[in-house]
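Here is final-v8.cif, consisting of mmCIF, C-alpha atoms:
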data_upload
#
loop_
_atom_site.group_PDB
_atom_site.id
_atom_site.type_symbol
_atom_site.label_atom_id
_atom_site.label_comp_id
_atom_site.auth_asym_id
_atom_site.auth_seq_id
_atom_site.Cartn_x
_atom_site.Cartn_y
_atom_site.Cartn_z
ATOM 1 C CA MET W 10 48.314 47.546 22.337
ATOM 2 C CA ILE W 11 50.723 47.689 19.427
ATOM 3 C CA LYS W 12 52.851 50.807 19.056
ATOM 4 C CA LEU W 13 55.336 49.671 16.403
ATOM 5 C CA ILE W 14 54.921 47.524 13.267
ATOM 6 C CA ALA W 15 57.898 45.938 11.499
ATOM 7 C CA SER W 16 57.081 44.319 8.162
ATOM 8 C CA ASP W 17 59.191 42.257 5.811
ATOM 9 C CA MET W 18 59.059 43.356 2.157
ATOM 10 C CA ASP W 19 59.505 40.578 -0.441
ATOM 11 C CA GLY W 20 56.782 37.960 -0.142
ATOM 12 C CA THR W 21 55.108 40.042 2.558
ATOM 13 C CA LEU W 22 54.470 43.767 2.055
ATOM 14 C CA LEU W 23 55.137 43.580 -1.694
ATOM 15 C CA SER W 24 52.757 42.038 -4.211
ATOM 16 C CA SER W 25 53.822 39.560 -6.883
ATOM 17 C CA HIS W 26 54.658 42.589 -9.045
ATOM 18 C CA LEU W 27 56.997 43.856 -6.298
ATOM 19 C CA ASP W 28 54.894 46.901 -5.447
ATOM 20 C CA ILE W 29 52.729 47.911 -2.469
ATOM 21 C CA SER W 30 48.981 47.498 -2.858
ATOM 22 C CA GLU W 31 46.452 50.214 -2.144
ATOM 23 C CA LEU W 32 44.965 48.274 0.772
ATOM 24 C CA ASN W 33 48.410 47.844 2.334
ATOM 25 C CA LYS W 34 49.127 51.561 1.923
ATOM 26 C CA GLN W 35 45.773 52.480 3.444
ATOM 27 C CA ALA W 36 46.328 50.164 6.414
ATOM 28 C CA ILE W 37 49.724 51.762 7.080
ATOM 29 C CA LYS W 38 48.041 55.172 6.988
ATOM 30 C CA THR W 39 45.343 53.950 9.385
ATOM 31 C CA ALA W 40 48.037 52.686 11.751
ATOM 32 C CA ALA W 41 49.693 56.116 11.727
ATOM 33 C CA GLU W 42 46.348 57.756 12.486
ATOM 34 C CA ASN W 43 46.135 55.481 15.531
ATOM 35 C CA GLY W 44 49.596 56.499 16.749
ATOM 36 C CA ILE W 45 51.294 53.321 15.550
ATOM 37 C CA GLU W 46 54.674 53.622 13.817
ATOM 38 C CA PHE W 47 55.282 51.505 10.709
ATOM 39 C CA MET W 48 58.708 50.424 9.499
ATOM 40 C CA VAL W 49 60.113 47.801 7.150
ATOM 41 C CA ALA W 50 62.529 45.031 8.105
ATOM 42 C CA THR W 51 63.982 43.597 4.933
ATOM 43 C CA GLY W 52 66.822 41.516 3.592
ATOM 44 C CA ARG W 53 67.240 44.153 0.891
ATOM 45 C CA GLY W 54 69.895 46.809 1.107
ATOM 46 C CA TYR W 55 68.986 50.475 1.543
ATOM 47 C CA SER W 56 69.384 51.245 -2.166
ATOM 48 C CA GLU W 57 67.065 48.357 -3.095
ATOM 49 C CA ALA W 58 64.398 49.058 -0.473
ATOM 50 C CA ARG W 59 64.053 52.836 -0.687
ATOM 51 C CA PRO W 60 62.801 53.155 -4.328
ATOM 52 C CA VAL W 61 59.791 50.872 -3.695
ATOM 53 C CA LEU W 62 58.815 52.794 -0.571
ATOM 54 C CA ASP W 63 59.267 56.155 -2.303
ATOM 55 C CA GLU W 64 57.042 55.014 -5.168
ATOM 56 C CA ALA W 65 54.318 54.170 -2.649
ATOM 57 C CA GLY W 66 54.775 57.454 -0.786
ATOM 58 C CA ILE W 67 55.826 55.669 2.407
ATOM 59 C CA HIS W 68 58.483 57.431 4.479
ATOM 60 C CA CYS W 69 59.489 55.262 7.393
ATOM 61 C CA ALA W 70 62.400 53.833 9.342
ATOM 62 C CA MET W 71 64.088 50.809 7.798
ATOM 63 C CA ILE W 72 65.892 47.712 8.987
ATOM 64 C CA THR W 73 67.949 46.553 5.996
ATOM 65 C CA GLY W 74 70.257 43.657 5.166
ATOM 66 C CA ASN W 75 68.443 41.394 7.668
ATOM 67 C CA GLY W 76 69.370 43.732 10.512
ATOM 68 C CA ALA W 77 72.853 44.744 9.384
ATOM 69 C CA GLN W 78 71.788 48.401 9.223
ATOM 70 C CA ILE W 79 69.037 50.508 10.726
ATOM 71 C CA PHE W 80 67.896 53.849 9.272
ATOM 72 C CA ASP W 81 65.517 56.378 10.754
ATOM 73 C CA GLU W 82 62.678 57.918 8.735
ATOM 74 C CA PHE W 83 65.067 60.643 7.542
ATOM 75 C CA ASP W 84 67.540 58.091 6.114
ATOM 76 C CA ASN W 85 70.125 58.607 8.839
ATOM 77 C CA VAL W 86 72.091 55.495 9.807
ATOM 78 C CA LEU W 87 71.324 54.589 13.420
ATOM 79 C CA HIS W 88 73.166 51.303 13.735
ATOM 80 C CA THR W 89 75.456 49.042 11.672
ATOM 81 C CA VAL W 90 76.558 45.448 12.252
ATOM 82 C CA SER W 91 79.041 44.406 9.579
ATOM 83 C CA LEU W 92 80.899 41.192 8.864
ATOM 84 C CA GLU W 93 84.574 40.868 9.725
ATOM 85 C CA LYS W 94 86.646 41.178 6.556
ATOM 86 C CA GLU W 95 88.467 37.857 7.040
ATOM 87 C CA THR W 96 85.133 36.121 7.534
ATOM 88 C CA VAL W 97 83.896 37.638 4.279
ATOM 89 C CA LYS W 98 86.917 36.291 2.439
ATOM 90 C CA GLU W 99 86.399 32.829 3.898
ATOM 91 C CA ALA W 100 82.727 32.882 2.898
ATOM 92 C CA MET W 101 83.609 34.056 -0.611
ATOM 93 C CA LYS W 102 86.124 31.229 -0.964
ATOM 94 C CA ILE W 103 83.503 28.662 0.035
ATOM 95 C CA LEU W 104 80.926 30.008 -2.414
ATOM 96 C CA GLU W 105 83.473 30.079 -5.234
ATOM 97 C CA GLU W 106 84.592 26.528 -4.463
ATOM 98 C CA GLU W 107 80.973 25.454 -4.867
ATOM 99 C CA ASP W 108 80.607 27.508 -8.080
ATOM 100 C CA LEU W 109 77.829 29.667 -6.618
ATOM 101 C CA TYR W 110 77.081 33.181 -7.848
ATOM 102 C CA TYR W 111 77.004 35.744 -5.038
ATOM 103 C CA GLU W 112 76.819 39.470 -4.364
ATOM 104 C CA LEU W 113 78.101 41.739 -1.612
ATOM 105 C CA MET W 114 75.874 44.160 0.229
ATOM 106 C CA THR W 115 78.028 46.976 1.564
ATOM 107 C CA THR W 116 77.756 50.363 3.230
ATOM 108 C CA GLU W 117 78.347 51.766 -0.273
ATOM 109 C CA GLY W 118 75.567 49.788 -1.937
ATOM 110 C CA VAL W 119 75.123 46.352 -3.495
ATOM 111 C CA TYR W 120 77.918 44.986 -5.673
ATOM 112 C CA SER W 121 77.857 42.284 -8.360
ATOM 113 C CA ASN W 122 80.714 40.984 -10.495
ATOM 114 C CA ASN W 123 78.499 39.694 -13.310
ATOM 115 C CA GLU W 124 75.662 41.754 -14.788
ATOM 116 C CA ALA W 125 74.275 38.893 -16.897
ATOM 117 C CA GLN W 126 74.030 36.592 -13.889
ATOM 118 C CA ARG W 127 72.411 39.294 -11.774
ATOM 119 C CA ILE W 128 69.689 39.755 -14.402
ATOM 120 C CA GLU W 129 69.205 35.989 -14.582
ATOM 121 C CA LYS W 130 68.895 35.651 -10.803
ATOM 122 C CA PHE W 131 66.428 38.536 -10.588
ATOM 123 C CA ALA W 132 64.416 36.902 -13.368
ATOM 124 C CA ILE W 133 64.211 33.737 -11.293
ATOM 125 C CA LEU W 134 62.809 35.784 -8.391
ATOM 126 C CA LEU W 135 60.185 37.340 -10.669
ATOM 127 C CA SER W 136 59.150 34.021 -12.225
ATOM 128 C CA GLU W 137 58.677 32.590 -8.710
ATOM 129 C CA ASN W 138 56.403 35.463 -7.708
ATOM 130 C CA ILE W 139 54.346 35.959 -10.864
ATOM 131 C CA PRO W 140 52.251 32.952 -11.963
ATOM 132 C CA HIS W 141 52.394 31.960 -15.653
ATOM 133 C CA LEU W 142 55.313 34.299 -16.369
ATOM 134 C CA THR W 143 57.680 32.671 -18.843
ATOM 135 C CA PHE W 144 61.393 32.838 -18.144
ATOM 136 C CA LYS W 145 61.937 34.855 -21.350
ATOM 137 C CA MET W 146 59.396 37.410 -20.166
ATOM 138 C CA ALA W 147 60.988 37.385 -16.723
ATOM 139 C CA ILE W 148 64.408 38.187 -18.210
ATOM 140 C CA ALA W 149 62.956 41.192 -20.045
ATOM 141 C CA MET W 150 61.136 42.371 -16.915
ATOM 142 C CA ALA W 151 64.229 41.865 -14.771
ATOM 143 C CA SER W 152 66.304 44.046 -17.075
ATOM 144 C CA THR W 153 63.749 46.832 -16.726
ATOM 145 C CA GLN W 154 63.350 46.460 -12.959
ATOM 146 C CA LEU W 155 67.090 46.440 -12.296
ATOM 147 C CA LYS W 156 67.527 49.734 -14.108
ATOM 148 C CA MET W 157 65.499 51.275 -11.269
ATOM 149 C CA LEU W 158 67.623 49.662 -8.550
ATOM 150 C CA PRO W 159 71.098 51.129 -8.032
ATOM 151 C CA VAL W 160 73.620 48.285 -8.385
ATOM 152 C CA ASN W 161 77.386 48.597 -8.637
ATOM 153 C CA TYR W 162 79.560 46.283 -10.711
ATOM 154 C CA THR W 163 83.138 45.333 -9.979
ATOM 155 C CA GLU W 164 85.525 42.858 -11.569
ATOM 156 C CA HIS W 165 87.248 42.019 -8.311
ATOM 157 C CA TYR W 166 85.433 41.634 -4.991
ATOM 158 C CA ASP W 167 88.776 41.451 -3.152
ATOM 159 C CA THR W 168 89.495 45.107 -3.911
ATOM 160 C CA LEU W 169 86.156 46.051 -2.372
ATOM 161 C CA VAL W 170 86.640 43.873 0.703
ATOM 162 C CA ASP W 171 90.137 45.285 1.290
ATOM 163 C CA ASP W 172 88.906 48.896 1.146
ATOM 164 C CA PRO W 173 89.030 50.210 4.753
ATOM 165 C CA GLU W 174 86.259 52.708 3.964
ATOM 166 C CA VAL W 175 83.788 49.976 2.995
ATOM 167 C CA GLU W 176 81.953 47.687 5.412
ATOM 168 C CA ILE W 177 80.468 44.384 4.219
ATOM 169 C CA LEU W 178 76.957 43.986 5.555
ATOM 170 C CA LYS W 179 75.852 40.757 3.905
ATOM 171 C CA VAL W 180 76.933 38.138 1.387
ATOM 172 C CA ILE W 181 74.036 36.730 -0.637
ATOM 173 C CA SER W 182 74.103 33.831 -3.079
ATOM 174 C CA PHE W 183 71.459 32.838 -5.616
ATOM 175 C CA ASN W 184 70.831 29.576 -7.425
ATOM 176 C CA GLU W 185 67.773 28.411 -9.321
ATOM 177 C CA GLU W 186 68.228 24.814 -8.103
ATOM 178 C CA GLY W 187 67.323 25.827 -4.574
ATOM 179 C CA ALA W 188 68.204 24.499 -1.143
ATOM 180 C CA LYS W 189 69.773 21.227 -2.273
ATOM 181 C CA ARG W 190 72.351 23.123 -4.343
ATOM 182 C CA PHE W 191 73.408 25.091 -1.254
ATOM 183 C CA GLU W 192 73.909 22.083 1.043
ATOM 184 C CA PRO W 193 77.693 21.593 0.459
ATOM 185 C CA ALA W 194 78.349 25.301 0.996
ATOM 186 C CA LEU W 195 76.125 25.421 4.067
ATOM 187 C CA GLU W 196 78.063 22.647 5.738
ATOM 188 C CA LYS W 197 81.247 24.713 5.413
ATOM 189 C CA LEU W 198 79.656 28.076 6.212
ATOM 190 C CA HIS W 199 78.235 26.837 9.502
ATOM 191 C CA LYS W 200 81.804 26.222 10.659
ATOM 192 C CA LEU W 201 82.696 29.907 10.335
ATOM 193 C CA MET W 202 82.798 32.005 13.485
ATOM 194 C CA ASN W 203 80.344 34.840 14.169
ATOM 195 C CA VAL W 204 78.066 34.298 11.182
ATOM 196 C CA HIS W 205 74.295 33.910 10.871
ATOM 197 C CA VAL W 206 73.236 31.996 7.755
ATOM 198 C CA THR W 207 69.625 32.230 6.640
ATOM 199 C CA SER W 208 67.479 32.695 3.521
ATOM 200 C CA SER W 209 64.650 34.915 2.316
ATOM 201 C CA GLY W 210 63.545 32.567 -0.460
ATOM 202 C CA VAL W 211 63.975 29.043 -1.735
ATOM 203 C CA ASN W 212 66.682 30.082 -4.168
ATOM 204 C CA ASN W 213 68.984 32.185 -2.010
ATOM 205 C CA LEU W 214 71.401 31.932 0.881
ATOM 206 C CA GLU W 215 72.280 34.930 3.061
ATOM 207 C CA ILE W 216 75.311 35.392 5.308
ATOM 208 C CA ASN W 217 75.341 38.053 8.029
ATOM 209 C CA HIS W 218 77.217 38.758 11.237
ATOM 210 C CA VAL W 219 75.748 36.649 14.031
ATOM 211 C CA ASN W 220 74.352 39.794 15.687
ATOM 212 C CA ALA W 221 72.782 41.121 12.477
ATOM 213 C CA THR W 222 69.260 39.728 12.679
ATOM 214 C CA LYS W 223 65.864 41.307 12.265
ATOM 215 C CA GLY W 224 65.062 40.323 15.833
ATOM 216 C CA ASN W 225 68.018 42.221 17.294
ATOM 217 C CA ALA W 226 67.254 45.221 15.089
ATOM 218 C CA VAL W 227 63.599 45.327 16.130
ATOM 219 C CA LYS W 228 64.614 45.171 19.794
ATOM 220 C CA TYR W 229 67.113 47.998 19.185
ATOM 221 C CA ILE W 230 64.442 50.250 17.654
ATOM 222 C CA ALA W 231 61.872 49.413 20.326
ATOM 223 C CA GLU W 232 64.352 50.294 23.066
ATOM 224 C CA LYS W 233 65.264 53.578 21.348
ATOM 225 C CA ARG W 234 61.568 54.422 21.043
ATOM 226 C CA GLY W 235 60.866 53.460 24.650
ATOM 227 C CA ILE W 236 58.451 50.772 23.483
ATOM 228 C CA SER W 237 57.986 47.428 25.212
ATOM 229 C CA ILE W 238 58.721 44.481 22.909
ATOM 230 C CA ASP W 239 55.265 43.210 23.901
ATOM 231 C CA ASP W 240 53.805 46.184 22.029
ATOM 232 C CA VAL W 241 55.673 45.383 18.804
ATOM 233 C CA PHE W 242 53.954 43.744 15.814
ATOM 234 C CA THR W 243 56.104 41.863 13.285
ATOM 235 C CA ILE W 244 55.075 40.117 10.078
ATOM 236 C CA GLY W 245 56.961 38.007 7.554
ATOM 237 C CA ASP W 246 57.060 34.963 5.343
ATOM 238 C CA ASN W 247 60.523 33.405 5.410
ATOM 239 C CA PHE W 248 63.370 32.094 7.540
ATOM 240 C CA ASN W 249 65.168 35.435 7.872
ATOM 241 C CA ASP W 250 61.988 36.769 9.527
ATOM 242 C CA LEU W 251 62.010 34.168 12.308
ATOM 243 C CA PRO W 252 64.167 36.195 14.755
ATOM 244 C CA MET W 253 61.753 39.130 14.759
ATOM 245 C CA LEU W 254 58.666 36.913 14.877
ATOM 246 C CA GLU W 255 60.116 35.137 17.904
ATOM 247 C CA VAL W 256 60.746 38.294 19.955
ATOM 248 C CA ALA W 257 57.651 40.391 19.213
ATOM 249 C CA GLY W 258 54.550 40.456 21.364
ATOM 250 C CA VAL W 259 52.368 40.231 18.246
ATOM 251 C CA SER W 260 53.592 38.238 15.250
ATOM 252 C CA PHE W 261 51.887 37.323 11.976
ATOM 253 C CA ALA W 262 52.869 34.805 9.321
ATOM 254 C CA MET W 263 51.784 35.401 5.746
ATOM 255 C CA GLY W 264 49.490 32.867 4.097
ATOM 256 C CA ASN W 265 52.343 32.151 1.686
ATOM 257 C CA ALA W 266 54.896 31.756 4.495
ATOM 258 C CA GLU W 267 57.141 28.768 5.056
ATOM 259 C CA GLU W 268 55.609 26.205 7.429
ATOM 260 C CA LYS W 269 58.244 26.896 10.092
ATOM 261 C CA VAL W 270 57.296 30.574 10.022
ATOM 262 C CA LYS W 271 53.628 29.703 10.488
ATOM 263 C CA GLU W 272 54.537 27.529 13.463
ATOM 264 C CA VAL W 273 56.469 30.334 15.170
ATOM 265 C CA ALA W 274 54.052 33.232 14.526
ATOM 266 C CA LYS W 275 51.140 33.785 16.889
ATOM 267 C CA TYR W 276 48.702 34.679 14.109
ATOM 268 C CA GLN W 277 48.278 34.092 10.391
ATOM 269 C CA THR W 278 46.980 36.348 7.632
ATOM 270 C CA ASP W 279 46.353 36.086 3.889
ATOM 271 C CA THR W 280 49.058 35.876 1.224
ATOM 272 C CA ASN W 281 51.045 38.799 -0.160
ATOM 273 C CA ILE W 282 48.886 38.836 -3.288
ATOM 274 C CA GLU W 283 45.766 39.040 -1.090
ATOM 275 C CA ASP W 284 46.859 42.138 0.886
ATOM 276 C CA GLY W 285 47.874 40.038 3.881
ATOM 277 C CA VAL W 286 49.850 42.815 5.565
ATOM 278 C CA GLY W 287 47.041 45.342 5.332
ATOM 279 C CA LYS W 288 44.490 42.859 6.634
ATOM 280 C CA ALA W 289 46.750 41.901 9.561
ATOM 281 C CA ILE W 290 47.319 45.549 10.516
ATOM 282 C CA LEU W 291 43.616 46.363 10.429
ATOM 283 C CA ARG W 292 42.829 43.219 12.436
ATOM 284 C CA ALA W 293 45.427 44.092 15.053
ATOM 285 C CA ILE W 294 43.974 47.598 15.422
ATOM 286 C CA GLU W 295 40.350 46.378 15.512
ATOM 287 C CA GLU W 296 41.049 43.610 18.034
ATOM 288 C CA ASN W 297 43.370 45.842 20.092
ATOM 289 C CA LEU W 298 46.131 43.237 19.933
#
As structure tokens, please, write out the structure in this file.
Amino acid sequence: MIKLIASDMDGTLLSSHLDISELNKQAIKTAAENGIEFMVATGRGYSEARPVLDEAGIHCAMITGNGAQIFDEFDNVLHTVSLEKETVKEAMKILEEEDLYYELMTTEGVYSNNEAQRIEKFAILLSENIPHLTFKMAIAMASTQLKMLPVNYTEHYDTLVDDPEVEILKVISFNEEGAKRFEPALEKLHKLMNVHVTSSGVNNLEINHVNATKGNAVKYIAEKRGISIDDVFTIGDNFNDLPMLEVAGVSFAMGNAEEKVKEVAKYQTDTNIEDGVGKAILRAIEENL
């Protein structure tokens, strides 16, 4: 029987409006009443994930940055897997050679070197998730949403990377043209040592340390909790979720998931706009999965 649930956020727990539905919240509460711990496992950084959970009144442990950091329910850092600084510089050079916008997720928050481009990239994310939303409307919504998400701006990433007090957790690039636009960079990035390259959407590319995966983080938490991995339930929709879907005893793919994710997961649920997470949790409890 499941004792721990780890859920992705974007495209999974969150609706198209990037909030948590009432049914999902109720299912999480029902899980708690049945002695099942709920946590999120997201590509977002701590500062981007926490506000959404706080708004929903959900206080739980978090796997952030695709497994680069793990926090307990009291926001204490339990584990960190950062990129080597030289590797970060090599990755940055590749992305700049390919004229790709990117951001750095660090132990001091998320950093961007271009506010206008960050708004534009967030608008692309919104327009992908909300049907019939015009790009002009998405830009306006993105500006409002980003005011609620703590983001730092810097003119020079090198200064940040060279700071011995700052660890780089993830490098993330965005481009509205999608996977094809990333192909030249990917070819070079795959030659770097000790990196794991994945994505959480069609228009992004994410670079972590090879050991920073959601699968490793879920195993870490399960071991700390004294829980068998067979009693862990994971759910997600995209490629960065594959490692945790592969290791868990119970795994669900969202109805809106990539085909590869559906192939790997043991079960399938409805889409994120149809309360897929809540329905999967209630099914798992009812069927004693």
**Report entry** region 125-141 of chain W surroundings by only C-alpha atoms, 12 Å radius, close-in-sequence under 3 positions cut, as a VMD selection string
**Finding:** chain W and resid 19 to 21 23 to 28 109 to 113 119 to 122 144 to 156 158 160 to 162 181 to 187 209 to 213 265 280 to 282
Convert the current residue selection to file output with C-alpha atoms, as an mmCIF file, in the frame of the given file.
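Dumped to result31.cif:
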data_model
loop_
_atom_site.group_PDB
_atom_site.id
_atom_site.type_symbol
_atom_site.label_atom_id
_atom_site.label_comp_id
_atom_site.auth_asym_id
_atom_site.auth_seq_id
_atom_site.Cartn_x
_atom_site.Cartn_y
_atom_site.Cartn_z
ATOM 1 C CA ASP W 19 59.505 40.578 -0.441
ATOM 2 C CA GLY W 20 56.782 37.960 -0.142
ATOM 3 C CA THR W 21 55.108 40.042 2.558
ATOM 4 C CA LEU W 23 55.137 43.580 -1.694
ATOM 5 C CA SER W 24 52.757 42.038 -4.211
ATOM 6 C CA SER W 25 53.822 39.560 -6.883
ATOM 7 C CA HIS W 26 54.658 42.589 -9.045
ATOM 8 C CA LEU W 27 56.997 43.856 -6.298
ATOM 9 C CA ASP W 28 54.894 46.901 -5.447
ATOM 10 C CA LEU W 109 77.829 29.667 -6.618
ATOM 11 C CA TYR W 110 77.081 33.181 -7.848
ATOM 12 C CA TYR W 111 77.004 35.744 -5.038
ATOM 13 C CA GLU W 112 76.819 39.470 -4.364
ATOM 14 C CA LEU W 113 78.101 41.739 -1.612
ATOM 15 C CA VAL W 119 75.123 46.352 -3.495
ATOM 16 C CA TYR W 120 77.918 44.986 -5.673
ATOM 17 C CA SER W 121 77.857 42.284 -8.360
ATOM 18 C CA ASN W 122 80.714 40.984 -10.495
ATOM 19 C CA PHE W 144 61.393 32.838 -18.144
ATOM 20 C CA LYS W 145 61.937 34.855 -21.350
ATOM 21 C CA MET W 146 59.396 37.410 -20.166
ATOM 22 C CA ALA W 147 60.988 37.385 -16.723
ATOM 23 C CA ILE W 148 64.408 38.187 -18.210
ATOM 24 C CA ALA W 149 62.956 41.192 -20.045
ATOM 25 C CA MET W 150 61.136 42.371 -16.915
ATOM 26 C CA ALA W 151 64.229 41.865 -14.771
ATOM 27 C CA SER W 152 66.304 44.046 -17.075
ATOM 28 C CA THR W 153 63.749 46.832 -16.726
ATOM 29 C CA GLN W 154 63.350 46.460 -12.959
ATOM 30 C CA LEU W 155 67.090 46.440 -12.296
ATOM 31 C CA LYS W 156 67.527 49.734 -14.108
ATOM 32 C CA LEU W 158 67.623 49.662 -8.550
ATOM 33 C CA VAL W 160 73.620 48.285 -8.385
ATOM 34 C CA ASN W 161 77.386 48.597 -8.637
ATOM 35 C CA TYR W 162 79.560 46.283 -10.711
ATOM 36 C CA ILE W 181 74.036 36.730 -0.637
ATOM 37 C CA SER W 182 74.103 33.831 -3.079
ATOM 38 C CA PHE W 183 71.459 32.838 -5.616
ATOM 39 C CA ASN W 184 70.831 29.576 -7.425
ATOM 40 C CA GLU W 185 67.773 28.411 -9.321
ATOM 41 C CA GLU W 186 68.228 24.814 -8.103
ATOM 42 C CA GLY W 187 67.323 25.827 -4.574
ATOM 43 C CA SER W 209 64.650 34.915 2.316
ATOM 44 C CA GLY W 210 63.545 32.567 -0.460
ATOM 45 C CA VAL W 211 63.975 29.043 -1.735
ATOM 46 C CA ASN W 212 66.682 30.082 -4.168
ATOM 47 C CA ASN W 213 68.984 32.185 -2.010
ATOM 48 C CA ASN W 265 52.343 32.151 1.686
ATOM 49 C CA THR W 280 49.058 35.876 1.224
ATOM 50 C CA ASN W 281 51.045 38.799 -0.160
ATOM 51 C CA ILE W 282 48.886 38.836 -3.288
#
Kindly compute an axis-aligned box around the listed atoms of region 41-50 of chain W, allowing 5 Å on each side, and express its centre and edge lengths in Å to one decimal as lines of an AutoDock Vina configuration file.
center_x = 54.3
center_y = 51.4
center_z = 11.9
size_x = 26.4
size_y = 22.7
size_z = 19.6
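Here the PyMOL selection byres ((chain W and resi 89-101) around 7) captures the residues W:Ala77, W:Gln78, W:Ile79, W:His88, W:Lys102, W:Ile103, W:Leu104, W:Glu105, W:Val170, W:Glu176, W:Ile177, W:Leu178, W:Leu198, W:Asn217, W:His218, W:Asn220, W:Ala221.
Among W:Asn33, W:Thr222, W:Thr115, W:Asn123, the residue with the shortest atom-to-atom distance to Ile72 (chain W), counting all atoms listed in the file, is W:Thr222.
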Requested in this report: Could you tell me how far CA of Lys34 (chain W) lies from CA of Lys179 (chain W), in Å and to one decimal?
Outcome: 28.9 Å
Query - Near-Ile45 (chain W) list (9 Å; only C-alpha atoms; drop same-chain fewer than 6 positions) as a count of residues only - result: 6
Query raised in the report: When the PyMOL selection byres ((chain W and resi 49) around 6) is applied to the file above, which residues end up in the set, as a list in words?
Result: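 After applying the PyMOL selection byres ((chain W and resi 49) around 6), what remains is Ala15, Ser16, Asp17, Met48, Ala50 and Met71 of chain W.
The gap separating CA of Leu251 (chain W) from CA of His68 (chain W) is 24.8 Å, in Å to one decimal.
Distances to Met114 (chain W) were evaluated for W:Glu268, W:Glu296, W:Glu255, W:Glu215 using only C-alpha atoms, and the minimum falls at W:Glu215.
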**Report entry** Straight-line distance linking CA of Thr163 (chain W) with CA of Leu201 (chain W), stated in Å to one decimal
**Finding:**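 So the two atoms, CA of Thr163 (chain W) and CA of Leu201 (chain W), lie 25.5 Å apart.
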Query - Output check: residues returned by the PyMOL selection byres ((chain W and resi 69) around 9), as a ChimeraX atom specification - result: /W:46-49,62,67-68,70-71,80-84
**Report entry** Nearby residues (only C-alpha atoms) at most 10 Å from Asp239 (chain W), same-chain spacing under 4 positions excluded, as a list of chain:residue names
**Finding:**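 Here the qualifying residues turn out to be W:Met10, W:Ile11, W:Lys12, W:Leu13, W:Ala231, W:Val256, W:Ala257, W:Gly258, W:Val259, W:Leu298.
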For region 78-89 of chain W, which lacks atoms in the input, supply N, CA, C and O atoms and format the output as a PDB file, keeping the file's coordinate frame.
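Just written: out23.pdb:
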ATOM      1  N   GLN W  78      71.855  46.947   9.052  1.00  0.00           N
ATOM      2  CA  GLN W  78      71.788  48.401   9.223  1.00  0.00           C
ATOM      3  C   GLN W  78      70.379  48.825   9.603  1.00  0.00           C
ATOM      4  O   GLN W  78      69.393  48.181   9.227  1.00  0.00           O
ATOM      5  N   ILE W  79      70.310  49.921  10.347  1.00  0.00           N
ATOM      6  CA  ILE W  79      69.037  50.508  10.726  1.00  0.00           C
ATOM      7  C   ILE W  79      69.073  51.984  10.355  1.00  0.00           C
ATOM      8  O   ILE W  79      70.040  52.685  10.658  1.00  0.00           O
ATOM      9  N   PHE W  80      68.020  52.450   9.679  1.00  0.00           N
ATOM     10  CA  PHE W  80      67.896  53.849   9.272  1.00  0.00           C
ATOM     11  C   PHE W  80      66.656  54.449   9.916  1.00  0.00           C
ATOM     12  O   PHE W  80      65.636  53.766  10.066  1.00  0.00           O
ATOM     13  N   ASP W  81      66.725  55.719  10.284  1.00  0.00           N
ATOM     14  CA  ASP W  81      65.517  56.378  10.754  1.00  0.00           C
ATOM     15  C   ASP W  81      64.705  56.854   9.557  1.00  0.00           C
ATOM     16  O   ASP W  81      65.096  56.655   8.396  1.00  0.00           O
ATOM     17  N   GLU W  82      63.572  57.498   9.818  1.00  0.00           N
ATOM     18  CA  GLU W  82      62.678  57.918   8.735  1.00  0.00           C
ATOM     19  C   GLU W  82      63.269  59.030   7.872  1.00  0.00           C
ATOM     20  O   GLU W  82      62.741  59.330   6.792  1.00  0.00           O
ATOM     21  N   PHE W  83      64.392  59.599   8.319  1.00  0.00           N
ATOM     22  CA  PHE W  83      65.067  60.643   7.542  1.00  0.00           C
ATOM     23  C   PHE W  83      66.313  60.110   6.839  1.00  0.00           C
ATOM     24  O   PHE W  83      67.154  60.875   6.367  1.00  0.00           O
ATOM     25  N   ASP W  84      66.447  58.794   6.799  1.00  0.00           N
ATOM     26  CA  ASP W  84      67.540  58.091   6.114  1.00  0.00           C
ATOM     27  C   ASP W  84      68.900  58.229   6.802  1.00  0.00           C
ATOM     28  O   ASP W  84      69.940  58.003   6.185  1.00  0.00           O
ATOM     29  N   ASN W  85      68.883  58.586   8.069  1.00  0.00           N
ATOM     30  CA  ASN W  85      70.125  58.607   8.839  1.00  0.00           C
ATOM     31  C   ASN W  85      70.430  57.207   9.365  1.00  0.00           C
ATOM     32  O   ASN W  85      69.531  56.506   9.832  1.00  0.00           O
ATOM     33  N   VAL W  86      71.697  56.804   9.291  1.00  0.00           N
ATOM     34  CA  VAL W  86      72.091  55.495   9.807  1.00  0.00           C
ATOM     35  C   VAL W  86      72.122  55.542  11.336  1.00  0.00           C
ATOM     36  O   VAL W  86      72.814  56.365  11.934  1.00  0.00           O
ATOM     37  N   LEU W  87      71.364  54.655  11.963  1.00  0.00           N
ATOM     38  CA  LEU W  87      71.324  54.589  13.420  1.00  0.00           C
ATOM     39  C   LEU W  87      72.247  53.510  13.975  1.00  0.00           C
ATOM     40  O   LEU W  87      72.774  53.646  15.075  1.00  0.00           O
ATOM     41  N   HIS W  88      72.427  52.441  13.204  1.00  0.00           N
ATOM     42  CA  HIS W  88      73.166  51.303  13.735  1.00  0.00           C
ATOM     43  C   HIS W  88      73.666  50.436  12.576  1.00  0.00           C
ATOM     44  O   HIS W  88      72.964  50.261  11.583  1.00  0.00           O
ATOM     45  N   THR W  89      74.878  49.908  12.704  1.00  0.00           N
ATOM     46  CA  THR W  89      75.456  49.042  11.672  1.00  0.00           C
ATOM     47  C   THR W  89      76.148  47.853  12.335  1.00  0.00           C
ATOM     48  O   THR W  89      76.886  48.024  13.308  1.00  0.00           O
TER      49      THR W  89
END
